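One file, coords-v9.cif, carrying mmCIF, C-alpha atoms:
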```cif
data_coords
#
loop_
_atom_site.group_PDB
_atom_site.id
_atom_site.type_symbol
_atom_site.label_atom_id
_atom_site.label_comp_id
_atom_site.auth_asym_id
_atom_site.auth_seq_id
_atom_site.Cartn_x
_atom_site.Cartn_y
_atom_site.Cartn_z
ATOM 1 C CA MET A 1 -14.999 12.253 20.684
ATOM 2 C CA ASP A 2 -15.596 16.009 20.858
ATOM 3 C CA ASN A 3 -12.928 18.337 19.479
ATOM 4 C CA ASN A 4 -10.938 15.413 18.116
ATOM 5 C CA PRO A 5 -7.419 16.766 17.441
ATOM 6 C CA PHE A 6 -7.044 14.411 14.466
ATOM 7 C CA PHE A 7 -9.545 16.507 12.520
ATOM 8 C CA PHE A 8 -8.342 19.814 11.085
ATOM 9 C CA ASP A 9 -10.681 22.804 11.403
ATOM 10 C CA LYS A 10 -9.979 24.051 7.880
ATOM 11 C CA ASN A 11 -10.916 20.638 6.528
ATOM 12 C CA THR A 12 -14.263 20.358 8.351
ATOM 13 C CA VAL A 13 -16.749 18.815 5.940
ATOM 14 C CA ASN A 14 -20.340 19.801 6.622
ATOM 15 C CA LYS A 15 -23.066 19.593 4.012
ATOM 16 C CA LEU A 16 -22.428 17.547 0.857
ATOM 17 C CA SER A 17 -24.118 18.075 -2.492
ATOM 18 C CA GLU A 18 -26.019 15.372 -4.358
ATOM 19 C CA LYS A 19 -23.243 15.338 -6.981
ATOM 20 C CA GLU A 20 -20.612 14.746 -4.308
ATOM 21 C CA LEU A 21 -22.629 11.954 -2.706
ATOM 22 C CA LYS A 22 -23.101 10.175 -6.048
ATOM 23 C CA GLN A 23 -19.305 9.783 -6.358
ATOM 24 C CA THR A 24 -19.283 7.223 -3.595
ATOM 25 C CA TYR A 25 -22.067 4.947 -4.774
ATOM 26 C CA ASN A 26 -20.985 1.397 -3.882
ATOM 27 C CA TYR A 27 -17.309 2.434 -3.695
ATOM 28 C CA LEU A 28 -16.717 0.279 -0.628
ATOM 29 C CA ALA A 29 -17.150 -2.848 -2.762
ATOM 30 C CA THR A 30 -13.985 -1.844 -4.610
ATOM 31 C CA ILE A 31 -12.152 -1.113 -1.356
ATOM 32 C CA GLU A 32 -13.165 -4.471 0.098
ATOM 33 C CA ALA A 33 -11.983 -6.281 -3.024
ATOM 34 C CA PHE A 34 -8.658 -4.450 -2.851
ATOM 35 C CA SER A 35 -8.234 -5.396 0.813
ATOM 36 C CA ARG A 36 -8.522 -9.084 -0.102
ATOM 37 C CA VAL A 37 -5.511 -8.969 -2.440
ATOM 38 C CA THR A 38 -3.083 -6.852 -0.403
ATOM 39 C CA TYR A 39 -0.984 -7.716 2.638
ATOM 40 C CA SER A 40 -1.602 -4.184 3.929
ATOM 41 C CA SER A 41 -4.313 -3.297 6.391
ATOM 42 C CA VAL A 42 -6.820 -0.927 4.791
ATOM 43 C CA TYR A 43 -8.716 1.885 6.510
ATOM 44 C CA ILE A 44 -11.106 4.383 4.924
ATOM 45 C CA ILE A 45 -11.493 7.677 6.795
ATOM 46 C CA ASP A 46 -14.627 9.798 6.403
ATOM 47 C CA TYR A 47 -13.824 13.374 7.410
ATOM 48 C CA GLN A 48 -17.475 14.392 7.466
ATOM 49 C CA LYS A 49 -18.405 11.652 9.939
ATOM 50 C CA GLN A 50 -14.970 11.918 11.627
ATOM 51 C CA GLY A 51 -14.628 8.173 11.715
ATOM 52 C CA PHE A 52 -13.891 5.069 9.642
ATOM 53 C CA ASP A 53 -16.022 3.889 6.711
ATOM 54 C CA PHE A 54 -14.123 0.633 6.429
ATOM 55 C CA VAL A 55 -11.511 -1.410 8.324
ATOM 56 C CA SER A 56 -10.059 -4.542 6.744
ATOM 57 C CA HIS A 57 -9.474 -7.827 8.544
ATOM 58 C CA ASN A 58 -5.788 -8.005 9.450
ATOM 59 C CA PRO A 59 -5.161 -9.292 13.006
ATOM 60 C CA LEU A 60 -1.556 -8.036 13.076
ATOM 61 C CA PHE A 61 -2.652 -4.395 13.156
ATOM 62 C CA LEU A 62 -5.934 -4.555 15.105
ATOM 63 C CA CYS A 63 -4.443 -5.070 18.597
ATOM 64 C CA GLY A 64 -6.867 -7.863 19.461
ATOM 65 C CA HIS A 65 -10.002 -6.126 18.148
ATOM 66 C CA SER A 66 -12.252 -7.161 15.289
ATOM 67 C CA PRO A 67 -12.536 -4.850 12.251
ATOM 68 C CA GLU A 68 -16.066 -3.992 13.368
ATOM 69 C CA GLU A 69 -14.830 -2.992 16.836
ATOM 70 C CA VAL A 70 -12.092 -0.766 15.385
ATOM 71 C CA GLN A 71 -14.580 0.830 13.004
ATOM 72 C CA GLU A 72 -16.869 1.554 15.939
ATOM 73 C CA MET A 73 -13.982 2.929 18.028
ATOM 74 C CA GLY A 74 -12.800 5.253 15.265
ATOM 75 C CA TYR A 75 -9.887 7.423 16.373
ATOM 76 C CA ALA A 76 -10.306 6.223 19.942
ATOM 77 C CA PHE A 77 -8.382 3.175 18.677
ATOM 78 C CA TYR A 78 -5.263 5.346 18.305
ATOM 79 C CA PHE A 79 -5.709 6.970 21.703
ATOM 80 C CA LYS A 80 -5.892 3.491 23.232
ATOM 81 C CA HIS A 81 -3.148 1.674 21.316
ATOM 82 C CA VAL A 82 -0.534 4.273 20.340
ATOM 83 C CA PRO A 83 2.077 5.112 23.037
ATOM 84 C CA LYS A 84 1.911 8.708 24.301
ATOM 85 C CA GLU A 85 5.072 9.946 22.577
ATOM 86 C CA ASP A 86 3.971 8.508 19.243
ATOM 87 C CA LEU A 87 0.443 9.834 19.698
ATOM 88 C CA GLU A 88 1.923 13.330 19.991
ATOM 89 C CA LEU A 89 3.898 12.609 16.827
ATOM 90 C CA LEU A 90 0.726 11.541 14.982
ATOM 91 C CA LEU A 91 -1.008 14.762 15.949
ATOM 92 C CA LYS A 92 1.927 16.760 14.543
ATOM 93 C CA VAL A 93 1.847 14.675 11.370
ATOM 94 C CA ASN A 94 -1.857 15.331 11.045
ATOM 95 C CA THR A 95 -1.533 19.105 11.426
ATOM 96 C CA ALA A 96 1.518 19.406 9.154
ATOM 97 C CA GLY A 97 -0.094 17.241 6.474
ATOM 98 C CA PHE A 98 -3.337 19.209 6.390
ATOM 99 C CA GLU A 99 -1.563 22.562 6.403
ATOM 100 C CA PHE A 100 0.547 21.470 3.438
ATOM 101 C CA PHE A 101 -2.450 20.057 1.615
ATOM 102 C CA HIS A 102 -4.424 23.279 1.922
ATOM 103 C CA ARG A 103 -1.541 25.304 0.470
ATOM 104 C CA ILE A 104 -1.276 23.392 -2.811
ATOM 105 C CA PRO A 105 -3.500 23.918 -5.869
ATOM 106 C CA LEU A 106 -6.798 22.047 -5.808
ATOM 107 C CA GLU A 107 -5.965 20.121 -9.001
ATOM 108 C CA GLU A 108 -2.848 18.624 -7.344
ATOM 109 C CA ARG A 109 -4.482 17.421 -4.134
ATOM 110 C CA LEU A 110 -5.301 13.913 -5.333
ATOM 111 C CA LEU A 111 -1.709 13.348 -6.490
ATOM 112 C CA HIS A 112 -0.079 13.161 -3.052
ATOM 113 C CA PHE A 113 0.325 10.576 -0.331
ATOM 114 C CA LEU A 114 1.816 10.947 3.128
ATOM 115 C CA SER A 115 3.927 8.241 4.785
ATOM 116 C CA TYR A 116 5.006 7.971 8.441
ATOM 117 C CA ASP A 117 5.909 5.410 11.108
ATOM 118 C CA PHE A 118 4.583 4.895 14.639
ATOM 119 C CA HIS A 119 4.164 2.179 17.273
ATOM 120 C CA LEU A 120 1.019 0.206 18.036
ATOM 121 C CA LYS A 121 0.708 -1.439 21.456
ATOM 122 C CA ASN A 122 -1.683 -4.282 22.209
ATOM 123 C CA ASP A 123 -3.353 -5.018 25.554
ATOM 124 C CA GLU A 124 -0.451 -7.303 26.498
ATOM 125 C CA GLY A 125 1.992 -4.407 26.179
ATOM 126 C CA LYS A 126 3.709 -5.728 23.057
ATOM 127 C CA THR A 127 4.537 -3.080 20.454
ATOM 128 C CA ILE A 128 5.199 -3.152 16.726
ATOM 129 C CA LEU A 129 6.455 -0.343 14.504
ATOM 130 C CA VAL A 130 4.070 0.219 11.609
ATOM 131 C CA ASN A 131 4.094 2.385 8.525
ATOM 132 C CA GLN A 132 0.945 4.217 7.498
ATOM 133 C CA LYS A 133 0.393 5.737 4.074
ATOM 134 C CA ILE A 134 -2.581 8.014 3.573
ATOM 135 C CA THR A 135 -3.969 9.500 0.366
ATOM 136 C CA PRO A 136 -7.225 11.299 -0.521
ATOM 137 C CA ILE A 137 -9.929 9.431 -2.435
ATOM 138 C CA TYR A 138 -12.655 12.065 -2.689
ATOM 139 C CA LEU A 139 -12.578 15.841 -2.324
ATOM 140 C CA THR A 140 -15.505 18.185 -1.829
ATOM 141 C CA SER A 141 -16.205 20.864 -4.431
ATOM 142 C CA GLU A 142 -14.249 23.236 -2.159
ATOM 143 C CA GLY A 143 -11.194 20.978 -2.303
ATOM 144 C CA LYS A 144 -11.446 19.614 1.239
ATOM 145 C CA ILE A 145 -10.607 15.964 1.859
ATOM 146 C CA TRP A 146 -13.854 14.081 2.302
ATOM 147 C CA LYS A 147 -12.632 10.489 2.241
ATOM 148 C CA ALA A 148 -9.099 9.094 2.410
ATOM 149 C CA MET A 149 -7.471 5.677 2.269
ATOM 150 C CA CYS A 150 -4.854 4.475 4.775
ATOM 151 C CA LEU A 151 -2.598 1.483 4.162
ATOM 152 C CA VAL A 152 -0.841 0.039 7.207
ATOM 153 C CA THR A 153 2.154 -2.303 6.963
ATOM 154 C CA ILE A 154 5.075 -3.364 9.138
ATOM 155 C CA SER A 155 7.686 -0.578 8.987
ATOM 156 C CA GLU A 156 11.150 -1.277 7.660
ATOM 157 C CA LYS A 157 12.511 1.618 9.747
ATOM 158 C CA LYS A 158 14.077 1.455 13.205
ATOM 159 C CA LYS A 159 12.129 4.261 14.932
ATOM 160 C CA SER A 160 8.994 6.408 14.727
ATOM 161 C CA GLY A 161 8.669 9.449 12.491
ATOM 162 C CA ASN A 162 10.065 9.364 8.944
ATOM 163 C CA ILE A 163 7.312 11.744 7.817
ATOM 164 C CA THR A 164 7.462 12.012 4.047
ATOM 165 C CA LEU A 165 5.212 13.410 1.317
ATOM 166 C CA TYR A 166 5.302 11.946 -2.174
ATOM 167 C CA LYS A 167 3.737 13.268 -5.369
ATOM 168 C CA LYS A 168 2.754 11.037 -8.265
ATOM 169 C CA GLY A 169 5.114 11.297 -11.220
ATOM 170 C CA GLU A 170 7.885 13.188 -9.426
ATOM 171 C CA ASN A 171 11.337 11.973 -8.394
ATOM 172 C CA MET A 172 11.477 14.313 -5.406
ATOM 173 C CA LYS A 173 9.955 13.924 -1.958
ATOM 174 C CA LEU A 174 9.288 16.271 0.960
ATOM 175 C CA VAL A 175 10.594 15.233 4.374
ATOM 176 C CA TYR A 176 9.110 16.856 7.483
ATOM 177 C CA ASN A 177 11.330 17.949 10.386
ATOM 178 C CA VAL A 178 9.310 17.885 13.611
ATOM 179 C CA GLU A 179 11.707 20.126 15.570
ATOM 180 C CA SER A 180 11.774 22.949 13.006
ATOM 181 C CA ASP A 181 8.199 22.364 11.766
ATOM 182 C CA SER A 182 9.399 22.538 8.160
ATOM 183 C CA TRP A 183 9.499 20.485 4.966
ATOM 184 C CA LYS A 184 12.740 19.781 3.087
ATOM 185 C CA GLU A 185 12.859 18.608 -0.516
ATOM 186 C CA GLU A 186 14.992 15.540 -1.161
ATOM 187 C CA GLU A 187 15.564 13.270 -4.129
ATOM 188 C CA ARG A 188 13.784 9.938 -3.964
ATOM 189 C CA ILE A 189 15.897 6.791 -3.763
ATOM 190 C CA LYS A 190 16.686 5.316 -7.163
ATOM 191 C CA LEU A 191 17.953 1.826 -7.763
ATOM 192 C CA SER A 192 20.148 0.990 -10.721
ATOM 193 C CA GLU A 193 18.943 -1.630 -13.180
ATOM 194 C CA ARG A 194 21.565 -4.054 -11.816
ATOM 195 C CA GLU A 195 20.377 -3.465 -8.233
ATOM 196 C CA LYS A 196 16.763 -4.060 -9.257
ATOM 197 C CA GLU A 197 17.809 -7.242 -11.053
ATOM 198 C CA ILE A 198 19.608 -8.560 -7.974
ATOM 199 C CA LEU A 199 16.652 -7.691 -5.738
ATOM 200 C CA ILE A 200 14.153 -9.433 -7.993
ATOM 201 C CA TYR A 201 16.210 -12.617 -8.194
ATOM 202 C CA SER A 202 16.834 -12.484 -4.426
ATOM 203 C CA ALA A 203 13.081 -12.200 -3.841
ATOM 204 C CA ARG A 204 12.689 -15.362 -5.913
ATOM 205 C CA GLY A 205 15.046 -17.185 -3.558
ATOM 206 C CA PHE A 206 18.194 -17.193 -5.707
ATOM 207 C CA SER A 207 21.529 -17.417 -3.880
ATOM 208 C CA ILE A 208 24.410 -15.052 -4.670
ATOM 209 C CA ALA A 209 26.056 -17.756 -6.782
ATOM 210 C CA GLN A 210 22.815 -18.435 -8.682
ATOM 211 C CA ILE A 211 22.266 -14.723 -9.339
ATOM 212 C CA ALA A 212 25.852 -14.369 -10.590
ATOM 213 C CA GLU A 213 25.387 -17.287 -12.981
ATOM 214 C CA THR A 214 22.027 -15.997 -14.212
ATOM 215 C CA ILE A 215 23.158 -12.431 -14.972
ATOM 216 C CA PHE A 216 26.634 -13.458 -16.194
ATOM 217 C CA VAL A 217 28.788 -11.710 -13.587
ATOM 218 C CA SER A 218 31.019 -12.901 -10.765
ATOM 219 C CA ALA A 219 29.739 -13.562 -7.249
ATOM 220 C CA ASP A 220 31.999 -10.731 -6.045
ATOM 221 C CA THR A 221 30.216 -8.343 -8.433
ATOM 222 C CA VAL A 222 26.846 -9.365 -6.991
ATOM 223 C CA LYS A 223 28.207 -8.825 -3.462
ATOM 224 C CA PHE A 224 29.514 -5.392 -4.470
ATOM 225 C CA HIS A 225 26.119 -4.286 -5.806
ATOM 226 C CA ARG A 226 24.338 -5.684 -2.740
ATOM 227 C CA LYS A 227 26.648 -3.764 -0.401
ATOM 228 C CA LYS A 228 26.070 -0.492 -2.276
ATOM 229 C CA MET A 229 22.327 -1.139 -2.302
ATOM 230 C CA PHE A 230 22.242 -1.810 1.457
ATOM 231 C CA GLU A 231 23.999 1.511 2.053
ATOM 232 C CA LYS A 232 21.593 3.324 -0.251
ATOM 233 C CA LEU A 233 18.501 1.832 1.406
ATOM 234 C CA GLU A 234 19.992 2.005 4.929
ATOM 235 C CA VAL A 235 19.291 -1.677 5.583
ATOM 236 C CA SER A 236 21.523 -4.456 6.891
ATOM 237 C CA ASN A 237 20.501 -7.542 4.897
ATOM 238 C CA ILE A 238 18.777 -8.697 1.726
ATOM 239 C CA SER A 239 15.468 -9.469 3.455
ATOM 240 C CA GLU A 240 15.233 -5.872 4.697
ATOM 241 C CA ALA A 241 16.232 -4.608 1.239
ATOM 242 C CA ILE A 242 13.481 -6.623 -0.467
ATOM 243 C CA PHE A 243 10.914 -5.443 2.059
ATOM 244 C CA PHE A 244 11.971 -1.798 1.749
ATOM 245 C CA ALA A 245 12.032 -1.869 -2.048
ATOM 246 C CA THR A 246 8.631 -3.562 -2.255
ATOM 247 C CA ASN A 247 7.034 -1.311 0.350
ATOM 248 C CA ASN A 248 8.351 1.812 -1.376
ATOM 249 C CA ARG A 249 7.612 0.632 -4.917
ATOM 250 C CA LEU A 250 11.246 0.664 -6.037
ATOM 251 C CA ILE A 251 10.859 -2.630 -7.907
#
```
Show how you would write the structure in this file as structure tokens.
Amino acid sequence: MDNNPFFFDKNTVNKLSEKELKQTYNYLATIEAFSRVTYSSVYIIDYQKQGFDFVSHNPLFLCGHSPEEVQEMGYAFYFKHVPKEDLELLLKVNTAGFEFFHRIPLEERLLHFLSYDFHLKNDEGKTILVNQKITPIYLTSEGKIWKAMCLVTISEKKKSGNITLYKKGENMKLVYNVESDSWKEEERIKLSEREKEILIYSARGFSIAQIAETIFVSADTVKFHRKKMFEKLEVSNISEAIFFATNNRLI
């Protein structure tokens, strides 16, 4: 697709050096192995080719296509299966993410990942809200993103957007406001040790009474911590809390 709006002019990758090309020798074998042990759908974007290097097999996120078909379609997949309003959102995410990336020091560019939510619609008209996380794998010698990894999962949110930048090793995050076209720094969600304990036992199938007995507190104390945790995570039940915490690496 000519003049694809998903590709940022300042990040156009043209000629690559021999040293840069050697970085990627057989790297897809590692990506393929990773895709076999994760519930996420895995995409590898090549910004020189302006397409996908790899698409994992995960029927939930392929809208009826095979991985090979999606890889061949490239970004046409999004134009076909993302509703118009969310497609406009994705284009804003793309521009805002690249503009931020090109403002930070080169040595920090591999430390960030961007997370956002949007709808996918299959040929039957059914939609699901998904979360996509994207992070650079390889940069050119000029600091441009050459290849990036995307992980796609079911979103735990209620609506599209939720555009957030995270940096490795920091307890802060940057949240993007579409209306004002600006980033706001916020503290990342932190769970207490008791909340983590309750989540872990809940994920193992323990009831409230069993958790209380195991950690030597009353059932009412477990309920109290669950209620506070639900408010903190903005979820309504323990299943959503487990999913959110796992998806956002809080436990």
The PyMOL selection byres ((chain A and resi 170) around 12) applied to the shown file, residues as a count of residues only:
16
With only C-alpha atoms as the counted atoms, please give the residues lying no more than 8 Å from A:Asp117, apart from itself and same-chain residues fewer than 4 positions off, as a ChimeraX atom specification.
/A:129-132,155,157,159-163
Can you list what the PyMOL selection byres ((chain A and resi 68) around 12) grabs from this structure, as a compact mmCIF listing (two decimals) with C-alpha atoms, in the coordinates of the input?
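The resulting file, part_31.txt, is shown below:
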```
# COMPACT_ATOMS: atom_id res chain seq x y z
CA TYR A 43 -8.72 1.88 6.51
CA PHE A 52 -13.89 5.07 9.64
CA ASP A 53 -16.02 3.89 6.71
CA PHE A 54 -14.12 0.63 6.43
CA VAL A 55 -11.51 -1.41 8.32
CA SER A 56 -10.06 -4.54 6.74
CA HIS A 57 -9.47 -7.83 8.54
CA ASN A 58 -5.79 -8.01 9.45
CA LEU A 62 -5.93 -4.56 15.10
CA GLY A 64 -6.87 -7.86 19.46
CA HIS A 65 -10.00 -6.13 18.15
CA SER A 66 -12.25 -7.16 15.29
CA PRO A 67 -12.54 -4.85 12.25
CA GLU A 69 -14.83 -2.99 16.84
CA VAL A 70 -12.09 -0.77 15.38
CA GLN A 71 -14.58 0.83 13.00
CA GLU A 72 -16.87 1.55 15.94
CA MET A 73 -13.98 2.93 18.03
CA GLY A 74 -12.80 5.25 15.26
CA PHE A 77 -8.38 3.18 18.68
```
Give me the residues near A:Phe230 as a PyMOL selection string, where near means some atom within 12 Å (using all atoms listed in the file) and where sequence neighbours in that chain fewer than 2 positions away do not count.
chain A and resi 189+191+195+198-199+223-228+232-245
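The set of residues that the PyMOL selection byres ((chain A and resi 15-27) around 9) takes from this file is Val13, Asn14, Leu28, Ala29, Thr30, Ile31, Glu32, Gln48, Tyr138, Leu139, Thr140 and Ser141 of chain A.
Across the model, the gap from atom CA of A:Asn94 to atom CA of A:Lys144 is 14.4 Å.
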Calculate, to one decimal in Å, the centre and edge lengths of the box along x, y and z of the file that holds all listed atoms of stretch 9-24 of chain A with 6 Å of margin on each side, and present them as JSON.
```
{"center_x": -18.0, "center_y": 15.6, "center_z": 2.2, "size_x": 28.0, "size_y": 28.8, "size_z": 30.4}
```
Expected answer as a PyMOL selection string: all residues with atoms within 12 Å of (6.2, 11.4, 14.5), all atoms listed in the file:
chain A and resi 82-97+115-119+129-132+159-164+175-179+181
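Taking all atoms listed in the file into account, A:Leu60 lies nearest to A:Lys121 out of the set A:Lys133, A:Arg103, A:Lys10, A:Lys121.
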Option closest in space to A:Ser202, from A:Thr135, A:Val222, A:Lys190, A:Pro5 [counting only C-alpha atoms]:
A:Val222
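Atom CA of A:Lys158 is positioned 26.0 Å from atom CA of A:Glu197.
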